[in-house]
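Participant: I am sharing upload.cif, which consists of mmCIF, C-alpha atoms:
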data_my_file
#
loop_
_atom_site.label_atom_id
_atom_site.label_comp_id
_atom_site.auth_asym_id
_atom_site.auth_seq_id
_atom_site.Cartn_x
_atom_site.Cartn_y
_atom_site.Cartn_z
CA MET A 1218 71.13 73.19 205.92
CA ALA A 1219 69.06 76.20 206.82
CA ARG A 1220 70.64 79.61 206.57
CA LEU A 1221 70.11 81.55 209.77
CA ASN A 1222 70.00 85.33 209.68
CA GLU A 1223 70.25 86.47 213.32
CA LEU A 1224 73.18 84.89 215.12
CA PRO A 1225 75.01 85.31 218.41
CA PHE A 1226 78.73 85.96 218.11
CA VAL A 1227 81.80 86.48 220.27
CA LYS A 1228 84.84 88.55 219.25
CA GLY A 1229 88.25 87.39 220.39
CA HIS A 1230 91.93 87.62 219.51
CA GLY A 1231 95.27 85.90 220.03
CA THR A 1232 98.13 88.44 220.09
CA GLY A 1233 96.05 90.77 217.93
CA ASN A 1234 95.02 88.15 215.35
CA ASP A 1235 91.25 88.64 215.70
CA PHE A 1236 88.28 86.41 214.98
CA VAL A 1237 84.51 86.36 214.96
CA VAL A 1238 83.42 83.22 216.82
CA LEU A 1239 80.05 81.78 215.74
CA PRO A 1240 78.53 79.09 217.98
CA ASP A 1241 76.84 76.44 215.82
CA VAL A 1242 77.18 73.33 217.98
CA ASP A 1243 74.33 71.50 216.21
CA GLY A 1244 75.70 72.21 212.73
CA ARG A 1245 72.69 74.14 211.40
CA LEU A 1246 74.51 77.09 209.83
CA ASP A 1247 75.36 77.03 206.14
CA LEU A 1248 77.94 79.84 206.21
CA THR A 1249 78.73 81.21 202.75
CA PRO A 1250 81.99 82.85 201.63
CA GLU A 1251 80.07 86.08 201.02
CA GLN A 1252 78.84 86.10 204.62
CA VAL A 1253 82.36 85.45 205.90
CA ARG A 1254 83.71 88.37 203.89
CA TRP A 1255 80.93 90.59 205.23
CA LEU A 1256 81.57 89.55 208.85
CA CYS A 1257 85.30 90.27 208.49
CA ASP A 1258 84.84 93.65 206.77
CA ARG A 1259 86.12 96.27 209.22
CA ARG A 1260 83.79 98.97 207.91
CA LYS A 1261 80.63 97.14 206.86
CA GLY A 1262 80.69 94.12 209.18
CA ILE A 1263 82.15 93.29 212.59
CA GLY A 1264 85.76 93.21 211.41
CA ALA A 1265 88.22 90.36 211.84
CA ASP A 1266 91.05 88.38 210.28
CA GLY A 1267 88.83 85.33 210.16
CA VAL A 1268 85.74 83.47 211.35
CA LEU A 1269 85.67 80.46 213.68
CA ARG A 1270 82.51 78.35 213.59
CA VAL A 1271 82.13 76.17 216.69
CA VAL A 1272 80.41 72.90 215.76
CA ARG A 1273 80.27 69.44 217.26
CA THR A 1274 82.49 67.21 215.18
CA GLU A 1275 79.74 64.62 214.75
CA HIS A 1276 77.85 67.13 212.59
CA GLU A 1277 80.73 67.56 210.11
CA PRO A 1278 80.53 64.50 207.79
CA GLU A 1279 84.10 64.87 206.53
CA PHE A 1280 85.49 64.81 210.07
CA ALA A 1281 82.82 62.86 212.01
CA GLU A 1282 85.21 59.94 212.51
CA PHE A 1283 87.18 62.16 214.92
CA ALA A 1284 84.13 62.78 217.15
CA PRO A 1285 85.02 60.10 219.75
CA VAL A 1286 88.34 61.90 220.37
CA ALA A 1287 87.49 65.55 219.65
CA GLU A 1288 83.99 66.74 220.56
CA TYR A 1289 84.36 70.05 218.70
CA PHE A 1290 85.51 70.96 215.20
CA MET A 1291 87.06 74.36 214.45
CA ASP A 1292 85.68 75.52 211.11
CA HIS A 1293 88.17 78.29 210.29
CA ARG A 1294 87.52 80.69 207.41
CA ASN A 1295 89.92 83.35 206.18
CA ALA A 1296 88.70 86.92 205.76
CA ASP A 1297 88.24 86.39 202.01
CA GLY A 1298 85.86 83.48 202.66
CA SER A 1299 88.32 80.70 201.89
CA THR A 1300 89.08 77.84 204.26
CA ALA A 1301 92.44 77.12 205.90
CA GLU A 1302 93.95 73.92 207.23
CA MET A 1303 94.79 75.31 210.66
CA CYS A 1304 95.16 78.53 212.64
CA GLY A 1305 97.24 78.55 215.81
CA ASN A 1306 95.98 81.86 217.18
CA GLY A 1307 92.45 80.93 216.16
CA ALA A 1308 92.74 77.59 217.92
CA ARG A 1309 93.64 79.33 221.18
CA VAL A 1310 90.67 81.70 220.82
CA PHE A 1311 88.47 78.69 219.96
CA VAL A 1312 89.49 76.84 223.12
CA ARG A 1313 89.15 79.98 225.24
CA TYR A 1314 85.56 80.19 223.98
CA LEU A 1315 84.92 76.51 224.79
CA ALA A 1316 86.20 77.02 228.33
CA ALA A 1317 84.43 80.35 228.92
CA THR A 1318 81.07 78.93 227.87
CA GLY A 1319 81.42 75.61 229.69
CA LEU A 1320 81.57 73.55 226.51
CA THR A 1321 84.74 72.08 227.97
CA THR A 1322 85.68 71.93 231.64
CA ASP A 1323 89.06 70.22 231.30
CA ASN A 1324 92.43 71.99 231.13
CA GLU A 1325 93.47 69.45 228.51
CA THR A 1326 91.32 68.75 225.48
CA VAL A 1327 91.51 67.82 221.79
CA ILE A 1328 89.92 69.74 218.92
CA ALA A 1329 89.44 68.71 215.31
CA THR A 1330 90.66 70.94 212.47
CA ARG A 1331 91.16 70.59 208.74
CA GLY A 1332 94.82 70.05 209.59
CA GLY A 1333 94.01 67.11 211.86
CA LEU A 1334 93.51 66.61 215.59
CA ARG A 1335 95.18 69.12 217.91
CA SER A 1336 95.87 68.60 221.62
CA VAL A 1337 95.38 71.70 223.76
CA THR A 1338 96.44 72.64 227.29
CA ILE A 1339 95.13 75.61 229.26
CA GLU A 1340 98.11 76.56 231.43
CA SER A 1341 98.01 77.81 235.03
CA ASP A 1342 98.86 81.35 233.85
CA ARG A 1343 95.79 81.22 231.51
CA SER A 1344 97.97 81.04 228.41
CA ILE A 1345 97.08 78.24 226.01
CA THR A 1346 99.41 75.72 224.38
CA ILE A 1347 98.48 74.04 221.10
CA ASP A 1348 100.32 70.98 219.82
CA MET A 1349 100.67 72.00 216.17
CA GLY A 1350 102.20 68.71 215.06
CA LYS A 1351 105.40 68.43 213.05
CA ALA A 1352 106.54 71.04 210.56
CA THR A 1353 107.66 69.61 207.23
CA THR A 1354 109.14 70.57 203.90
CA THR A 1355 108.43 67.25 202.23
CA ARG A 1356 106.33 68.75 199.40
CA MET A 1357 108.85 71.48 198.53
CA ARG A 1358 110.39 70.71 195.13
CA ALA A 1359 112.40 73.98 195.04
CA LEU A 1360 113.47 76.84 197.29
CA PRO A 1361 110.92 79.67 197.28
CA ILE A 1362 112.13 83.12 196.24
CA VAL A 1363 110.30 86.03 197.86
CA ALA A 1364 110.31 89.43 196.14
CA VAL A 1365 109.29 92.90 197.32
CA GLY A 1366 109.85 95.55 194.67
CA ASP A 1367 113.30 94.98 193.19
CA ARG A 1368 114.60 93.05 196.23
CA THR A 1369 114.57 89.27 196.52
CA TRP A 1370 115.36 86.76 199.25
CA SER A 1371 115.76 83.00 199.28
CA ALA A 1372 113.11 81.61 201.61
CA THR A 1373 112.38 78.38 203.43
CA GLY A 1374 109.17 76.57 202.56
CA VAL A 1375 107.49 75.18 205.69
CA LEU A 1376 104.17 73.37 206.17
CA VAL A 1377 102.53 73.66 209.64
CA PRO A 1378 100.29 72.36 207.95
CA ASN A 1379 99.43 75.75 206.37
CA PRO A 1380 102.01 76.64 203.72
CA HIS A 1381 104.63 79.27 204.61
CA ALA A 1382 107.60 80.93 202.94
CA VAL A 1383 110.02 82.28 205.58
CA ALA A 1384 112.58 84.91 204.55
CA PHE A 1385 115.24 86.23 206.95
CA VAL A 1386 115.94 89.91 206.35
CA ASP A 1387 118.13 92.67 207.80
CA SER A 1388 115.16 94.74 208.96
CA LEU A 1389 111.43 94.11 209.21
CA ASP A 1390 110.98 97.32 207.24
CA ASP A 1391 112.37 95.42 204.24
CA ALA A 1392 108.96 93.75 203.92
CA GLY A 1393 107.43 97.04 202.82
CA ASP A 1394 103.66 97.35 202.62
CA LEU A 1395 102.23 93.89 203.27
CA ARG A 1396 98.65 94.74 202.42
CA GLN A 1397 99.50 93.20 199.06
CA ALA A 1398 100.99 89.73 198.81
CA PRO A 1399 104.73 89.57 198.07
CA ASP A 1400 105.68 87.70 194.91
CA VAL A 1401 106.72 84.11 195.53
CA THR A 1402 108.37 82.05 192.81
CA PRO A 1403 108.62 79.58 191.17
CA GLY A 1404 104.97 79.63 190.18
CA GLY A 1405 102.92 76.65 191.27
CA LEU A 1406 105.14 75.87 194.26
CA PHE A 1407 102.23 76.68 196.57
CA PRO A 1408 99.08 75.81 194.57
CA ASP A 1409 96.76 76.80 197.45
CA GLY A 1410 98.54 80.09 198.15
CA VAL A 1411 101.13 80.81 200.82
CA ASN A 1412 101.66 82.87 203.95
CA VAL A 1413 104.88 84.91 203.72
CA GLU A 1414 106.93 85.71 206.82
CA PHE A 1415 109.78 88.20 207.08
CA ALA A 1416 111.94 87.56 210.15
CA VAL A 1417 114.99 88.97 211.93
CA LEU A 1418 117.14 87.45 214.66
CA ARG A 1419 116.92 89.55 217.85
CA ALA A 1420 118.96 87.44 220.28
CA ASP A 1421 119.72 83.82 221.09
CA ARG A 1422 116.54 81.84 220.31
CA HIS A 1423 114.63 85.10 219.89
CA VAL A 1424 113.23 86.34 216.57
CA ALA A 1425 110.76 88.96 215.38
CA MET A 1426 108.50 88.68 212.35
CA ARG A 1427 105.90 90.30 210.10
CA VAL A 1428 103.50 88.28 208.00
CA HIS A 1429 101.23 88.49 205.01
CA GLU A 1430 98.50 85.89 205.47
CA ARG A 1431 96.90 84.46 202.35
CA GLY A 1432 93.30 85.54 202.07
CA VAL A 1433 93.75 88.28 204.69
CA GLY A 1434 96.75 90.58 204.21
CA GLU A 1435 99.15 91.72 206.92
CA THR A 1436 98.02 90.58 210.36
CA LEU A 1437 99.29 91.39 213.84
CA SER A 1438 100.08 87.74 214.44
CA CYS A 1439 100.06 84.30 212.82
CA GLY A 1440 100.37 81.19 214.97
CA THR A 1441 101.33 78.73 212.25
CA GLY A 1442 103.63 81.44 210.83
CA ALA A 1443 105.37 81.83 214.19
CA CYS A 1444 105.91 78.06 214.26
CA ALA A 1445 107.31 78.16 210.72
CA VAL A 1446 109.68 81.00 211.63
CA ALA A 1447 110.88 79.25 214.80
CA TRP A 1448 111.40 76.00 212.87
CA ALA A 1449 113.40 77.76 210.14
CA ALA A 1450 115.36 79.90 212.63
CA ARG A 1451 116.41 76.87 214.63
CA ARG A 1452 117.83 75.24 211.52
CA GLN A 1453 119.62 78.40 210.43
CA PHE A 1454 120.93 79.79 213.72
CA GLU A 1455 121.00 77.02 216.31
CA PRO A 1456 123.85 74.47 216.21
CA GLY A 1457 122.51 70.95 216.32
CA LEU A 1458 118.93 69.75 216.47
CA GLU A 1459 119.11 67.41 219.44
CA GLY A 1460 116.57 67.58 222.24
CA GLU A 1461 113.98 70.26 222.91
CA SER A 1462 114.32 73.89 221.91
CA THR A 1463 112.16 76.92 222.76
CA TRP A 1464 112.14 80.14 220.74
CA VAL A 1465 110.54 83.48 221.55
CA VAL A 1466 108.77 84.95 218.53
CA GLU A 1467 107.80 88.62 218.59
CA VAL A 1468 104.83 89.51 216.43
CA PRO A 1469 103.36 93.02 216.05
CA GLY A 1470 100.52 92.01 218.40
CA GLY A 1471 102.59 90.49 221.20
CA THR A 1472 104.87 87.57 222.01
CA LEU A 1473 104.58 83.83 221.38
CA ARG A 1474 106.70 80.94 222.61
CA ILE A 1475 107.38 78.03 220.29
CA THR A 1476 108.85 74.78 221.58
CA GLU A 1477 110.03 72.07 219.22
CA THR A 1478 110.08 68.84 221.19
CA ALA A 1479 112.69 66.13 220.83
CA GLU A 1480 110.13 64.22 218.77
CA GLY A 1481 109.62 67.18 216.42
CA ALA A 1482 106.21 68.45 217.55
CA MET A 1483 105.75 72.23 217.49
CA LEU A 1484 104.09 73.55 220.67
CA LEU A 1485 102.61 77.03 220.30
CA ASN A 1486 102.04 78.95 223.54
CA GLY A 1487 100.44 82.35 223.93
CA PRO A 1488 97.47 84.34 225.22
CA ALA A 1489 93.90 84.34 223.94
CA ASP A 1490 91.23 86.84 224.93
CA LEU A 1491 87.50 87.22 224.38
CA VAL A 1492 86.56 90.90 224.18
CA ALA A 1493 82.89 91.25 223.14
CA ARG A 1494 79.69 89.39 222.47
CA GLY A 1495 76.46 90.26 220.75
CA THR A 1496 74.07 89.43 217.95
CA VAL A 1497 74.77 89.93 214.26
CA LEU A 1498 72.30 90.13 211.38
CA LEU A 1499 73.88 88.19 208.53
CA PRO A 1500 73.05 89.22 204.96
CA LEU A 1501 71.16 86.43 203.24
#
When written as C-alpha cells, how does the structure in this file appear?

Facilitator:
Amino acid sequence: MARLNELPFVKGHGTGNDFVVLPDVDGRLDLTPEQVRWLCDRRKGIGADGVLRVVRTEHEPEFAEFAPVAEYFMDHRNADGSTAEMCGNGARVFVRYLAATGLTTDNETVIATRGGLRSVTIESDRSITIDMGKATTTRMRALPIVAVGDRTWSATGVLVPNPHAVAFVDSLDDAGDLRQAPDVTPGGLFPDGVNVEFAVLRADRHVAMRVHERGVGETLSCGTGACAVAWAARRQFEPGLEGESTWVVEVPGGTLRITETAEGAMLLNGPADLVARGTVLLPL
C-alpha cells in the first residue's frame, strides 16, 4: 500500500480519552508504528492516547468476512504504535465520526474491531452505547498481584477483551504516579501486557477508578477498563448476579455507565465529542 504524507484528521475524545481519527475508507494508508507514535506525541505531533483509522471492512483482509454486517473497521493503535483488541471510548469517538460525516445515518449500527463485531446505539441524549460483549476470566490461571512501591494488592483479571487487572484500594491516591506501569505478577500472566485499574467504592453501584493503559500510561478514561471495574465490583460488592445491573463509573475525565445484562453482555454508555479537524503532514 502507498504511504501518504498529507492526511486529513479529526481530533476527538470520550471522557477525556483522546484520539486522532484518520479517514482511510479505501484502505490506502500503510500506517507505521513510528507514525502513530509521532501523531500521539503531545509536543512533536498532534497529541493523543491513540489513533483510530477509519477503513471499510472489505479492505482489511483479516476482517473482510465481517463486511456484510459491519461496513467499517476500527483500526485502533495505542500511543506507542501497538495495536489493541478493542477500545470502548475510541469506539464511541469512531461512531461519532461516522455519524458526523454521514458515513452512517442510522442510530444503530455495527462496527468491526480486532475484538470482534460491536453493536452501537446513538441514544436520544447524544450519548453512545457500545455492546462490549461478555467479560471473562477464562484464561486466568492465577490471581494477579499488583504492586506500587512496597504496597501490594490482590487483583481480579478481566478480559473485555483487552486484558485488565482490577485492584480495589482505600484511596485512588494509593495508585501513586501511573505514568509508569505498576508491577503485575506472576510474570507471563498477561503475555500481551495489561491495563491496570485502581478502584474505590463510592456508593451503591457507584465506583471511581484510575488506570494505567498499556502502551499509553495514565489516561483520563478507559472504556474497557470501566467495564472491567464494573464487572469486578458487581462480583465483590453486589449480592447475587441475577438480572440486569447498572454501575456508575467515575473516571478522571467524566462519568460512564456500565450495564451488565441478564445474558452477561457489558453495555458501555457515555459521551463522545469531536473537537477539531485539519491536515497533518506525516513523517515518511

Participant: Run the PyMOL selection byres ((chain A and resi 1377) around 10) mentally over the shown coordinates, then write out the matched residues as a list in words, using the chain letters and numbers from the document.

Facilitator: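 What the PyMOL selection byres ((chain A and resi 1377) around 10) grabs from the file is Glu1302, Met1303, Cys1304, Gly1305, Gly1332, Met1349, Gly1350, Lys1351, Ala1352, Thr1353, Thr1354, Val1375, Leu1376, Pro1378, Asn1379, Pro1380, His1381, Gly1440, Thr1441, Gly1442, Ala1443, Cys1444, Ala1445, Trp1448 and Met1483 of chain A.
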
Participant: Store the residues of this selection in a file with C-alpha atoms, as a PDB file, keeping the file's coordinate frame.

Facilitator:
ATOM      1  CA  GLU A1302      93.950  73.920 207.230  1.00  0.00           C
ATOM      2  CA  MET A1303      94.790  75.310 210.660  1.00  0.00           C
ATOM      3  CA  CYS A1304      95.160  78.530 212.640  1.00  0.00           C
ATOM      4  CA  GLY A1305      97.240  78.550 215.810  1.00  0.00           C
ATOM      5  CA  GLY A1332      94.820  70.050 209.590  1.00  0.00           C
ATOM      6  CA  MET A1349     100.670  72.000 216.170  1.00  0.00           C
ATOM      7  CA  GLY A1350     102.200  68.710 215.060  1.00  0.00           C
ATOM      8  CA  LYS A1351     105.400  68.430 213.050  1.00  0.00           C
ATOM      9  CA  ALA A1352     106.540  71.040 210.560  1.00  0.00           C
ATOM     10  CA  THR A1353     107.660  69.610 207.230  1.00  0.00           C
ATOM     11  CA  THR A1354     109.140  70.570 203.900  1.00  0.00           C
ATOM     12  CA  VAL A1375     107.490  75.180 205.690  1.00  0.00           C
ATOM     13  CA  LEU A1376     104.170  73.370 206.170  1.00  0.00           C
ATOM     14  CA  PRO A1378     100.290  72.360 207.950  1.00  0.00           C
ATOM     15  CA  ASN A1379      99.430  75.750 206.370  1.00  0.00           C
ATOM     16  CA  PRO A1380     102.010  76.640 203.720  1.00  0.00           C
ATOM     17  CA  HIS A1381     104.630  79.270 204.610  1.00  0.00           C
ATOM     18  CA  GLY A1440     100.370  81.190 214.970  1.00  0.00           C
ATOM     19  CA  THR A1441     101.330  78.730 212.250  1.00  0.00           C
ATOM     20  CA  GLY A1442     103.630  81.440 210.830  1.00  0.00           C
ATOM     21  CA  ALA A1443     105.370  81.830 214.190  1.00  0.00           C
ATOM     22  CA  CYS A1444     105.910  78.060 214.260  1.00  0.00           C
ATOM     23  CA  ALA A1445     107.310  78.160 210.720  1.00  0.00           C
ATOM     24  CA  TRP A1448     111.400  76.000 212.870  1.00  0.00           C
ATOM     25  CA  MET A1483     105.750  72.230 217.490  1.00  0.00           C
TER      26      MET A1483
END

Participant: Using only C-alpha atoms, pick whichever of A:Pro1399, A:Gly1229, A:Gly1366, A:Gly1410 has the shortest atom-to-atom distance to Pro1488 (chain A).

Facilitator: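 Nearest candidate to Pro1488 (chain A) out of A:Pro1399, A:Gly1229, A:Gly1366, A:Gly1410: A:Gly1229.
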
Participant: Name the residues in contact with region 1469-1474 of chain A at a cut-off of 10 Å, using only C-alpha atoms, excluding same-chain residues fewer than 5 positions from it; report them as a list in words.

Facilitator: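 Selected residues are His1230, Gly1231, Thr1232, Gly1233, Asn1234, Asn1306, Thr1346, His1423, Ala1425, Met1426, Arg1427, Val1428, Thr1436, Leu1437, Ser1438, Cys1439, Gly1440, Ala1443, Cys1444, Ala1447, Thr1463, Trp1464, Leu1484, Leu1485, Asn1486, Gly1487 and Pro1488 of chain A.
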
Participant: Record the distance separating CA of Val1365 (chain A) and CA of Val1433 (chain A), expressed in Å with one decimal.

Facilitator: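 Going from CA of Val1365 (chain A) over to CA of Val1433 (chain A) covers 17.8 Å.
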
Participant: Report as a ChimeraX atom specification all protein, DNA and RNA residues lying within 12 Å of Asp1258 (chain A), evaluated on all atoms listed in the file, omitting residues in the same chain fewer than 3 positions from it.

Facilitator: /A:1236-1237,1251-1255,1261-1268,1295-1298,1433

Participant: Quick one, how far is CA of Val1417 (chain A) from CA of Glu1480 (chain A)?

Facilitator: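 Pair CA of Val1417 (chain A) / CA of Glu1480 (chain A) returns 26.1 Å.
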
Participant: Set out as a Markdown table a contact list for region 1469-1497 of chain A and region 1239-1249 of chain A with a cut-off of 12 Å, giving each residue of region 1469-1497 of chain A that qualifies its closest atom pair and distance in Å to one decimal, counting all atoms listed in the file, ordered by chain and rising residue number.

Facilitator:
| residue | atom | partner | partner_atom | distance |
| --- | --- | --- | --- | --- |
| A:Arg1494 | CA | A:Leu1239 | CA | 10.2 |
| A:Gly1495 | CA | A:Leu1239 | CA | 10.5 |
| A:Thr1496 | CA | A:Leu1239 | CA | 10.0 |
| A:Val1497 | CA | A:Leu1239 | CA | 9.8 |

Participant: Write a file of the selected residues as a compact mmCIF listing (two decimals), keeping the file's coordinate frame, keeping C-alpha atoms.

Facilitator:
# COMPACT_ATOMS: atom_id res chain seq x y z
CA ARG A 1494 79.69 89.39 222.47
CA GLY A 1495 76.46 90.26 220.75
CA THR A 1496 74.07 89.43 217.95
CA VAL A 1497 74.77 89.93 214.26

Participant: Restricting the calculation to all atoms listed in the file: of A:Asp1394, A:Leu1406, A:Glu1414, A:Ser1336, which residue gets closest to Leu1360 (chain A)?

Facilitator: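 Checking each candidate against Leu1360 (chain A), we get A:Leu1406 as the closest.
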
Participant: Quick one: residues within 9 Å of Asp1421 (chain A), only C-alpha atoms counted, chain neighbours fewer than 2 positions away excluded, as a list in words?

Facilitator: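 Contacts, in chain order: Leu1418, Arg1419, His1423, Val1424, Phe1454, Glu1455 and Trp1464 of chain A.
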
Participant: Mind pulling up the distance from CA of Ala1416 (chain A) to CA of Val1401 (chain A)?

Facilitator: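 Distance between the two atoms: 15.9 Å.
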
Participant: The PyMOL selection byres ((chain A and resi 1372) around 8) - which residues does that actually catch in the file I just gave you? List them as number ranges by chain.

Facilitator: A: 1360-1363, 1370-1371, 1373-1374, 1382-1385

Participant: Just checking: using all atoms listed in the file, which residue out of A:Ala1316, A:Ala1281, A:Ala1364, A:Val1465 ends up closest to Asp1391 (chain A)?

Facilitator: A:Ala1364

Participant: Can you list, as an NGL selection string, every protein, DNA or RNA residue that comes within 9 Å of Arg1451 (chain A) when you count all atoms listed in the file, leaving out same-chain residues fewer than 6 positions away?

Facilitator: :A and (1422 or 1457-1458 or 1462 or 1464)

Participant: Return the single residue from A:Thr1330, A:Thr1478, A:Ser1388, A:Asn1324 that is closest to Arg1273 (chain A), with distances computed using only C-alpha atoms.

Facilitator: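 Residue with the minimum atom-to-atom distance to Arg1273 (chain A): A:Thr1330.
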
Participant: Once 6 Å is added on each side, what centre and edge lengths in Å to one decimal does the axis-aligned box around all listed atoms of region 1221-1236 of chain A have, as JSON?

Facilitator:
{"center_x": 84.1, "center_y": 86.2, "center_z": 215.0, "size_x": 40.1, "size_y": 21.2, "size_z": 22.7}

Participant: Using all atoms listed in the file, which residues sit within 7 Å of Arg1313 (chain A) once same-chain residues fewer than 4 positions away are excluded, as a PyMOL selection string?

Facilitator: chain A and resi 1309+1317+1489

Participant: May I have the protein, DNA and RNA residues with an atom at most 8 Å from (88.8, 75.5, 215.1), counting all atoms listed in the file in the file's coordinates, returned as a ChimeraX atom specification?

Facilitator: /A:1269-1271,1289-1293,1303-1304,1307-1308,1311,1328-1330

Participant: Counting all atoms listed in the file, which residue out of A:Asp1323, A:Val1466, A:Ala1420, A:Leu1334 sits closest to Ala1284 (chain A)?

Facilitator: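 Under the stated criterion, the closest residue is A:Leu1334.
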
Participant: So, counting all atoms listed in the file, which residue among A:Arg1368, A:Glu1277, A:Val1227, A:Val1386 is closest to Asp1400 (chain A)?

Facilitator: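 For Asp1400 (chain A), the nearest of the given residues is A:Arg1368.
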